[in-house]
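Notes for the one structure printed next.
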Amino acid sequence: MNNKKHRKNSGFIDRYKFFVIVTTTILFFIIVFTIIPSTIFIIPFFEDTYSLLVSKKSTISKSDDNIKMAQNIAETEKNIKKVEQKLESKTPNVAYMVVNTSSNHFYLYKSRKLLREGLCSTGSYILLQGVDQQKWIFKTPRGEFRIRGKTTSPVWIRPDWSFIEEGMPIPSAHDDSRYEYGVLGDYAMSLGYGYMIHGTLYKRFLGMPVTHGCIRLDDDDLKIVYTNMEIGSKVFIF
Amino acid sequence: MELDESQAIFELLDDKVQVSGTKKYLKFLLLLAFIIVAIILVGASFIAIITPRLKIKEFNELYSQGIHSTKNGPGFYDSSFYALKKEEAFLKSKLAKSDLDSISLSINVPDSLLSLEIKGIAIYNIKIDRIKLSPIFNSLDKDAILHCFSLPFKINSQYATVVKEPIVIKQAPKDTIEANQAAPNIDTLKPKMVAYYFCLDKDIILDIRQSEKTELIPYYKYLLRYNYWNTARQLKEVSNFRLPDYTPWIQIEINCKDALALYRALPNSAIISIHL
């Protein structure tokens, strides 16, 4: 009889212990996963709400001196025009090109008007690791560049990485295998540091980041870009 | 027999003591939870009330120095003149950064336009889909705003849900057979969510997010990270017995592709002009 009572009580105590553990765990999780994160949101929310409440638009009062105000407005408008002119003078009147390396699009402007836009291919961001700790990163540099040279029927002189990438042995500097004809399209424009704007055989990859850093264009686009861009024309890459 | 009975009574008493102990423990836990919640709420309210006021005072003092004494004086501006002055300040700021070689950003809030620029030339314009400004901007002194925004801002630190350069490491193949077997690496994966914030000098946060709807988990992860940064900084100040600082913010939503292009185009310490 007593044993039965005792077993009943110990069962009750076990349930209590279990309840305590569960409650402690729940409280712990509430604090860690609810209260702390909500605090993270509560404070900025309270701050913004409060600053919204205290924010009174600074009084805008009409000046008593209307003539003085008119003079000030005229003076400010004059200043604005002056600065606008200074800024406008920085935009080239001759042709320039803008390349978006994220969406692989190019834009050709002339006389401040959009002349042509289309798909291009830019750097793939592949970091090629060769033997002997050699590394090459295939990305198109960003910033302002100028056309440094223009060629028709360009020949690609394959650099070392081109052979390493294809698992081939590196030939000597003037080996015939380094010279490839027809792979760069009909025209090429040099941007310096080995980067070029040229054509491609892989037209299906236009609009994708697949190059070794050069900018590849479709044949028709390339012809228009080549015709309009002079040596010294600016190319903005972002 | 008697011994057994007394032993059972003692055990029962013991159990009763344990039960009352656990009850006390439970009460203590509840009280502790209540105290923690109360402290957090009181602390949050305190921070929320005190920080914007301090910021307004600090900002006005910092950027109005020597300006109040000019011919304009406080409350001088009417709305059209103030709009002109803001435009002038913005253009001055753009001109100041036009000699830089690196890519910079201009934010024109009234025209809902973002512009990527190099040497003062707008190379890419992005339409802003949605813009929200910290309410505190309405309370700041107009002269102080003009003075502050007439010079460009600089990015001090940043956080983004996407990488700046999506570099893929590729080992050189051993031979032509291995090279032919390798699949072409083309980064065409669309990121789950594009969002980032720039902590600018002059203590302003520029928060740029994609306007398209996104999955909830990456969205809240970003939101948590964004708010955590701010709150943690404030709590750190409080724990050091210093008054916390409120950081005004500008939140901009643009389309996902442009948000990605913008983030990747801007250098780590990019210069930014803002027209409020």
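Chains: A, B, ... in order of the structure tokens. Residues: from 1 per chain. Ligands: from 1, in order shown.
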
For chain B, which residues have at least one atom within 7 Å of chain A, if we go by only C-alpha atoms? Write them as a short mmCIF file (atom, residue, chain, number, x, y, z; two decimals) with C-alpha atoms, in the first residue's frame, please.
```
data_model
loop_
_atom_site.label_atom_id
_atom_site.label_comp_id
_atom_site.auth_asym_id
_atom_site.auth_seq_id
_atom_site.Cartn_x
_atom_site.Cartn_y
_atom_site.Cartn_z
CA ALA B 8 7.75 5.79 4.02
CA LEU B 12 6.98 11.30 1.52
CA VAL B 19 8.03 19.58 -4.77
CA LEU B 26 9.77 27.73 -11.22
CA ALA B 44 15.24 49.78 -25.49
CA SER B 45 12.79 52.58 -24.72
CA ALA B 48 15.10 54.89 -28.45
CA ILE B 49 14.11 58.13 -26.73
CA PRO B 52 17.56 60.56 -31.83
CA GLY B 75 14.25 79.58 -40.79
CA PHE B 76 15.34 81.73 -43.67
CA TYR B 77 14.53 79.25 -46.40
CA ASP B 78 11.22 78.97 -48.15
CA SER B 79 10.56 75.58 -49.76
CA PHE B 81 14.75 78.24 -52.22
CA LEU B 84 17.49 75.02 -55.00
CA LYS B 85 20.08 75.15 -52.24
CA GLU B 88 23.37 73.33 -55.46
CA LEU B 91 26.10 69.51 -57.65
CA LYS B 92 28.97 70.88 -55.58
CA LEU B 95 31.94 68.36 -58.76
CA SER B 102 37.51 55.44 -59.48
CA ILE B 103 33.82 54.69 -59.92
CA GLY B 120 31.95 63.33 -63.32
CA ILE B 121 30.54 61.39 -66.29
CA ILE B 123 28.02 56.06 -67.10
CA SER B 134 15.18 58.09 -41.61
CA PRO B 135 12.54 60.41 -40.08
CA ILE B 136 15.30 62.26 -38.27
CA ASN B 138 13.14 66.21 -41.07
CA SER B 139 14.32 67.46 -37.70
CA PRO B 166 32.54 35.85 -57.85
CA ILE B 167 35.91 34.13 -58.18
CA VAL B 168 35.92 30.45 -59.18
CA ILE B 169 39.15 28.56 -58.55
CA LYS B 170 40.15 26.19 -61.32
CA GLN B 171 43.12 23.84 -61.25
CA ALA B 172 45.04 23.62 -64.50
CA PRO B 173 44.36 20.28 -66.23
CA LYS B 174 47.20 17.80 -66.49
CA ASP B 175 46.65 17.09 -70.17
CA THR B 176 44.32 17.82 -73.08
CA ALA B 179 40.92 19.76 -70.23
CA ILE B 186 29.99 30.00 -66.40
CA ASP B 187 28.63 32.05 -63.53
CA ASN B 227 19.71 45.57 -37.14
CA TYR B 228 22.18 43.55 -35.09
CA THR B 231 21.87 47.51 -31.85
CA ALA B 261 25.92 45.62 -60.88
CA ALA B 265 31.09 48.27 -59.64
#
```

message: From a backbone DSSP assignment, name each residue in range 65-153 of chain B labelled alpha helix (DSSP H), as a ChimeraX atom specification.
response: /B:79-96,142-149

Those residues you just picked out, can you put them in a file as a PDB file, in the first residue's frame with C-alpha atoms?
```
ATOM      1  CA  SER B  79      10.559  75.582 -49.765  1.00  0.00           C
ATOM      2  CA  SER B  80      11.570  76.495 -53.330  1.00  0.00           C
ATOM      3  CA  PHE B  81      14.753  78.241 -52.221  1.00  0.00           C
ATOM      4  CA  TYR B  82      15.650  75.328 -49.972  1.00  0.00           C
ATOM      5  CA  ALA B  83      15.140  72.899 -52.884  1.00  0.00           C
ATOM      6  CA  LEU B  84      17.487  75.019 -54.998  1.00  0.00           C
ATOM      7  CA  LYS B  85      20.084  75.151 -52.243  1.00  0.00           C
ATOM      8  CA  LYS B  86      19.913  71.352 -51.866  1.00  0.00           C
ATOM      9  CA  GLU B  87      20.433  70.950 -55.611  1.00  0.00           C
ATOM     10  CA  GLU B  88      23.374  73.328 -55.458  1.00  0.00           C
ATOM     11  CA  ALA B  89      24.893  71.363 -52.580  1.00  0.00           C
ATOM     12  CA  PHE B  90      24.456  68.111 -54.517  1.00  0.00           C
ATOM     13  CA  LEU B  91      26.102  69.505 -57.649  1.00  0.00           C
ATOM     14  CA  LYS B  92      28.966  70.881 -55.585  1.00  0.00           C
ATOM     15  CA  SER B  93      29.423  67.445 -54.052  1.00  0.00           C
ATOM     16  CA  LYS B  94      29.391  65.844 -57.527  1.00  0.00           C
ATOM     17  CA  LEU B  95      31.940  68.365 -58.760  1.00  0.00           C
ATOM     18  CA  ALA B  96      34.169  67.679 -55.769  1.00  0.00           C
ATOM     19  CA  LYS B 142      18.532  73.021 -42.890  1.00  0.00           C
ATOM     20  CA  ASP B 143      21.869  74.809 -42.904  1.00  0.00           C
ATOM     21  CA  ALA B 144      23.482  71.789 -41.290  1.00  0.00           C
ATOM     22  CA  ILE B 145      22.006  69.474 -43.951  1.00  0.00           C
ATOM     23  CA  LEU B 146      23.223  71.743 -46.771  1.00  0.00           C
ATOM     24  CA  HIS B 147      26.668  71.943 -45.260  1.00  0.00           C
ATOM     25  CA  CYS B 148      26.882  68.186 -44.649  1.00  0.00           C
ATOM     26  CA  PHE B 149      25.594  67.142 -48.090  1.00  0.00           C
TER      27      PHE B 149
END
```

task: Identify, with DSSP run on backbone atoms, the residues in range 66-136 of chain A assigned to strand (DSSP E or B), and express the list as a list of chain:residue names.
output: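 In range 66-136 of chain A, DSSP puts these residues in strand (DSSP E or B): A:Tyr96, A:Met97, A:Val98, A:Val99, A:Asn100, A:His105, A:Phe106, A:Tyr107, A:Leu108, A:Tyr109, A:Lys110, A:Lys113, A:Leu114, A:Leu115, A:Arg116, A:Glu117, A:Gly118, A:Leu119, A:Cys120, A:Ser121, A:Thr122, A:Gly123, A:Ile126, A:Leu127, A:Leu128, A:Gln129, A:Lys135, A:Trp136.
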
task: Find the residues near Pro159 in chain A: any atom within 9 Å, counting only C-alpha atoms, skip ones fewer than 4 places away on the same chain, and give them as a ChimeraX atom specification.
output: /A:163,170,173,178

task: Tell me, as an MDAnalysis selection string, which residues lie within 8 Å of Glu117 in chain A, counting only C-alpha atoms; anything in the same chain fewer than 5 positions away does not count.
output: chainID A and resid 105:108

File dump, residues just selected, N, CA and C atoms, as a JSON list (two decimals), in the first residue's frame:
```json
[["chain", "number", "residue", "atom", "x", "y", "z"],
["A", 105, "HIS", "N", 26.56, 43.74, -70.86],
["A", 105, "HIS", "CA", 25.95, 44.63, -71.85],
["A", 105, "HIS", "C", 26.93, 45.75, -72.18],
["A", 106, "PHE", "N", 26.85, 46.24, -73.40],
["A", 106, "PHE", "CA", 27.66, 47.41, -73.73],
["A", 106, "PHE", "C", 26.75, 48.51, -74.28],
["A", 107, "TYR", "N", 27.20, 49.73, -74.16],
["A", 107, "TYR", "CA", 26.47, 50.91, -74.65],
["A", 107, "TYR", "C", 27.46, 51.80, -75.38],
["A", 108, "LEU", "N", 27.12, 52.17, -76.61],
["A", 108, "LEU", "CA", 27.99, 53.06, -77.39],
["A", 108, "LEU", "C", 27.29, 54.41, -77.53]]
```

message: Which residues are close to range 126-129 of chain B, i.e. within 8 Å by only C-alpha atoms, leaving aside same-chain residues fewer than 5 positions away? Reply as a PyMOL selection string.
response: chain B and resi 112-115+211+252-255+258

field: Atom-to-atom span, CA of Ile205 in chain B and CA of Asn60 in chain B, Å
entry: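 Interatomic distance here is 17.9 Å.
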
query: From the set B:Lys221, B:Arg242, B:Lys24, B:Lys213, which residue has the shortest atom-to-atom contact distance to Thr51 in chain B, counting only C-alpha atoms?
result: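 Between B:Lys221, B:Arg242, B:Lys24, B:Lys213, the residue approaching Thr51 in chain B most closely is B:Arg242.
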